[in-house]
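Just below is one structure, and these are the notes that go with it.
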Amino acid sequence: MPAASGPAIATMKDHVETVLRTVQSASAPALSRIAASWRRSIDKHGLDPAARKPPQRIGDDQLYQRREETGAFLKIAAPKLDQLFGLVGQSGCTVLLTDAEGVILDQRCTSADADIFQDWGLSQGTNWSEAAVGTNGIGTCLAEERNLIVHRQEHFLARNVGMSCMDAPIYGPDGRLAGALDVSSARSDQTEAFNRLIAAMVSQTARQIEIETFRAAFPGARIIVADGESTDNAMLLAVDGDDIVLGATRAARKAFGLGASGPLKPLPASDLLGREDGPSGFEKAERAAVIRALTRAGGNVSEAARALGIGRATLYRRMKRLGID
């Protein structure tokens with residue numbers, strides 16, 4: 001990053017003083033999540049807001065290994081990054097995808113802006129965890145597992161106060177944090193209103209990546225969009241042919257009390273969705289099988305009975321018991 005001088009040095013000094021003064025205030029972290037993150041940056045991570053070193057970059061071999069460890073995640077995310085960049089790229093923004101530890105795995109930016117973001121340390125392989133660089137969009141989003149905007153002076157390090165960052169966490173099919181989606185801008189005229197507009201697009205794109213990654217993890221399953229109290233559009237259940245839940249997205253896990261992450265205890269989807277009113281599950285299954293057989297046979301009872309492997313009289317009795325006319 002080019003050395004700061006004149007008014008820039010004064011601005012950075014003012015920011016450092018503001019951070020230190022805020023952190024020293026006993027009530028500040030309770031009043032502001034940004035202030036709480038500033039305090040973590042100092043007390044937990046031992047960082048100095050005046051530090052000017054750029055984020056640490058891992059080696060190419062380590063970056064390659066991290067990318068490989070994501071499995072299908074990067075491949076699924078790539079077209080979504082392209083789409084998001086198509087919307088924000090010409091406004092001087094870069095689109096970044098990180099792993100769960102805050103290391104940038106993939107990036108989109110124009111060739112004209114590449115050197116600028118390189119100077120900021122926004123490039124593949126750099127570590128933007130909160131432990132490494134303090135309060136920032138990527139690291140604090142991952143630390144707090146929430147959608148986040150960190151606008152200019154809300155950053156911890158004075159060297160980063162020229163940036164605006166809009167972030168959303170992405171969860172894997174097992175409910176564990178997989179990474180963060182980030183849009184960063186170093187434009188001096190970036191407004192908070194424009195940040196909010198970008199943040200909405202970031203959140204939507206993150207959920208799309210999460211949904212497609214979940215679907216890819218259960219290729220043979222039926223995917224159910226769950227009806228819960230949450231408005232999250234990533235509430236999905238993966239169900240096998242016997243109505244047993246195989247997997248659930250993070251939002252569905254939270255809505256149905258299934259545990260935040262890890263393997264699920266097998267249970268019928270109907271137990272979650274409350275669809276066992278009236279006939280029992282066996283009666284419903286039997287009725288569905290009979291109706292399918294009759295439909296395939298065009299209403300011919302004898303043909304349907306042969307398909308089911310039972311006698312015609314037996315099928316008539318079952319139809320009567322099940323209320324099938």
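How things are named: the first chain in the structure tokens is A, the next is B, and so on; residues count from 1 in each chain; ligands count from 1 in the order shown.
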Sorted per-residue table, stretch 63-125 of chain A near stretch 182-199 of chain A, closest atoms and distance, 9 Å, only C-alpha atoms, as a Markdown table:
| residue | atom | partner | partner_atom | distance |
| --- | --- | --- | --- | --- |
| A:Leu84 | CA | A:Val183 | CA | 9.0 |
| A:Phe85 | CA | A:Val183 | CA | 8.7 |
| A:Val88 | CA | A:Ile198 | CA | 7.7 |
| A:Ser91 | CA | A:Ser185 | CA | 8.4 |
| A:Gly92 | CA | A:Ser185 | CA | 6.2 |
| A:Cys93 | CA | A:Ser185 | CA | 4.6 |
| A:Thr94 | CA | A:Ser184 | CA | 5.5 |
| A:Val95 | CA | A:Val183 | CA | 4.6 |
| A:Leu96 | CA | A:Asp182 | CA | 5.0 |
| A:Leu97 | CA | A:Asp182 | CA | 6.3 |
| A:Thr98 | CA | A:Asp182 | CA | 8.1 |
| A:Ile116 | CA | A:Ala186 | CA | 8.2 |
| A:Phe117 | CA | A:Ala186 | CA | 8.0 |
| A:Trp120 | CA | A:Ala186 | CA | 8.7 |
| A:Leu122 | CA | A:Ser184 | CA | 8.5 |
Could you give me, as JSON lines, every stretch 181-289 of chain A residue with an atom at most 8 Å from stretch 67-80 of chain A, plus its closest atom pair and distance in Å to one decimal, counting only C-alpha atoms, rows ordered by chain then number?
{"residue": "A:Thr205", "atom": "CA", "partner": "A:Lys80", "partner_atom": "CA", "distance": 6.6}
{"residue": "A:Gln208", "atom": "CA", "partner": "A:Lys80", "partner_atom": "CA", "distance": 7.8}
{"residue": "A:Ile209", "atom": "CA", "partner": "A:Ala77", "partner_atom": "CA", "distance": 5.6}
{"residue": "A:Glu212", "atom": "CA", "partner": "A:Ile76", "partner_atom": "CA", "distance": 7.0}
{"residue": "A:Thr213", "atom": "CA", "partner": "A:Phe73", "partner_atom": "CA", "distance": 6.3}
Store the residues picked out above, limited to all heavy atoms, as a compact mmCIF listing (two decimals), in the first residue's frame.
# COMPACT_ATOMS: atom_id res chain seq x y z
N THR A 205 -27.12 -13.86 -3.12
CA THR A 205 -26.19 -14.73 -3.82
C THR A 205 -25.63 -15.80 -2.89
O THR A 205 -25.47 -16.96 -3.29
CB THR A 205 -25.04 -13.91 -4.42
OG1 THR A 205 -25.58 -12.89 -5.28
CG2 THR A 205 -24.09 -14.79 -5.23
N GLN A 208 -28.10 -18.54 -2.60
CA GLN A 208 -28.16 -19.34 -3.82
C GLN A 208 -27.02 -20.36 -3.85
O GLN A 208 -27.22 -21.52 -4.21
CB GLN A 208 -28.10 -18.43 -5.04
CG GLN A 208 -29.35 -17.59 -5.25
CD GLN A 208 -29.17 -16.55 -6.35
OE1 GLN A 208 -28.07 -16.34 -6.86
NE2 GLN A 208 -30.27 -15.90 -6.72
N ILE A 209 -25.83 -19.92 -3.46
CA ILE A 209 -24.68 -20.84 -3.40
C ILE A 209 -24.96 -21.94 -2.38
O ILE A 209 -24.71 -23.12 -2.63
CB ILE A 209 -23.40 -20.07 -3.04
CG1 ILE A 209 -23.03 -19.09 -4.15
CG2 ILE A 209 -22.25 -21.05 -2.78
CD1 ILE A 209 -21.89 -18.15 -3.79
N GLU A 212 -27.61 -24.48 -3.81
CA GLU A 212 -27.11 -25.36 -4.87
C GLU A 212 -26.06 -26.33 -4.33
O GLU A 212 -25.98 -27.47 -4.79
CB GLU A 212 -26.55 -24.52 -6.01
CG GLU A 212 -27.62 -23.72 -6.73
CD GLU A 212 -27.20 -23.25 -8.11
OE1 GLU A 212 -26.20 -23.79 -8.65
OE2 GLU A 212 -27.87 -22.35 -8.64
N THR A 213 -25.28 -25.90 -3.35
CA THR A 213 -24.32 -26.82 -2.73
C THR A 213 -25.05 -27.91 -1.96
O THR A 213 -24.65 -29.08 -1.98
CB THR A 213 -23.39 -26.04 -1.77
OG1 THR A 213 -22.73 -25.00 -2.49
CG2 THR A 213 -22.33 -26.97 -1.19
Practice problem: Return as a ChimeraX atom specification the full set of residues in stretch 28-60 of chain A whose backbone-based DSSP assignment is alpha helix (DSSP H). | Solution: /A:28-31,33-39,60
Quiz prompt | Exercise: A:Leu315 partners within 9 Å, only C-alpha atoms, chain neighbours under 5 positions left out, as a PyMOL selection string | solution = chain A and resi 290+301-302+304-305+308+310+320
Quiz prompt | DSSP strand (DSSP E or B) selection over stretch 69-289 of chain A, as a PyMOL selection string | solution = chain A and resi 93-98+103-108+126-127+148-151+164-171+177-185+222-225+236-239+244-248+268
Quiz item: If we count only C-alpha atoms, what is near A:Ala178 at a cut-off of 6 Å, once residues fewer than 4 positions away on the same chain are taken out, given as an NGL selection string?
Solution: :A and (99-100 or 170-172)
Selection file, N, CA and C atoms, as a CSV table (one decimal), in the first residue's frame:
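Below is the file again-v8.csv, written as the result:
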chain,number,residue,atom,x,y,z
A,99,ASP,N,-12.8,-19.1,2.6
A,99,ASP,CA,-13.2,-20.3,3.3
A,99,ASP,C,-13.6,-19.9,4.7
A,100,ALA,N,-13.9,-20.9,5.6
A,100,ALA,CA,-14.4,-20.6,6.9
A,100,ALA,C,-13.4,-19.9,7.8
A,170,ILE,N,-21.8,-18.3,4.4
A,170,ILE,CA,-22.3,-19.4,3.6
A,170,ILE,C,-22.1,-20.6,4.4
A,171,TYR,N,-23.2,-21.4,4.6
A,171,TYR,CA,-23.1,-22.7,5.3
A,171,TYR,C,-23.1,-23.9,4.4
A,172,GLY,N,-22.4,-24.9,4.8
A,172,GLY,CA,-22.3,-26.1,4.0
A,172,GLY,C,-23.5,-27.0,4.2
Quiz prompt | stretch 47-54 of chain A surroundings by only C-alpha atoms, 6 Å radius, close-in-sequence under 6 positions cut, as a VMD selection string | solution = chain A and resid 16 41 121 156 to 159
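For the pair atom CA of A:Leu81 and atom CA of A:Ser203, the interatomic distance is 12.2 Å.
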Quiz item: Smallest atom-to-atom distance to A:Gly139: which of A:Gly46, A:Pro55, A:Gly86, A:Pro173, using only C-alpha atoms?
Solution: A:Pro55
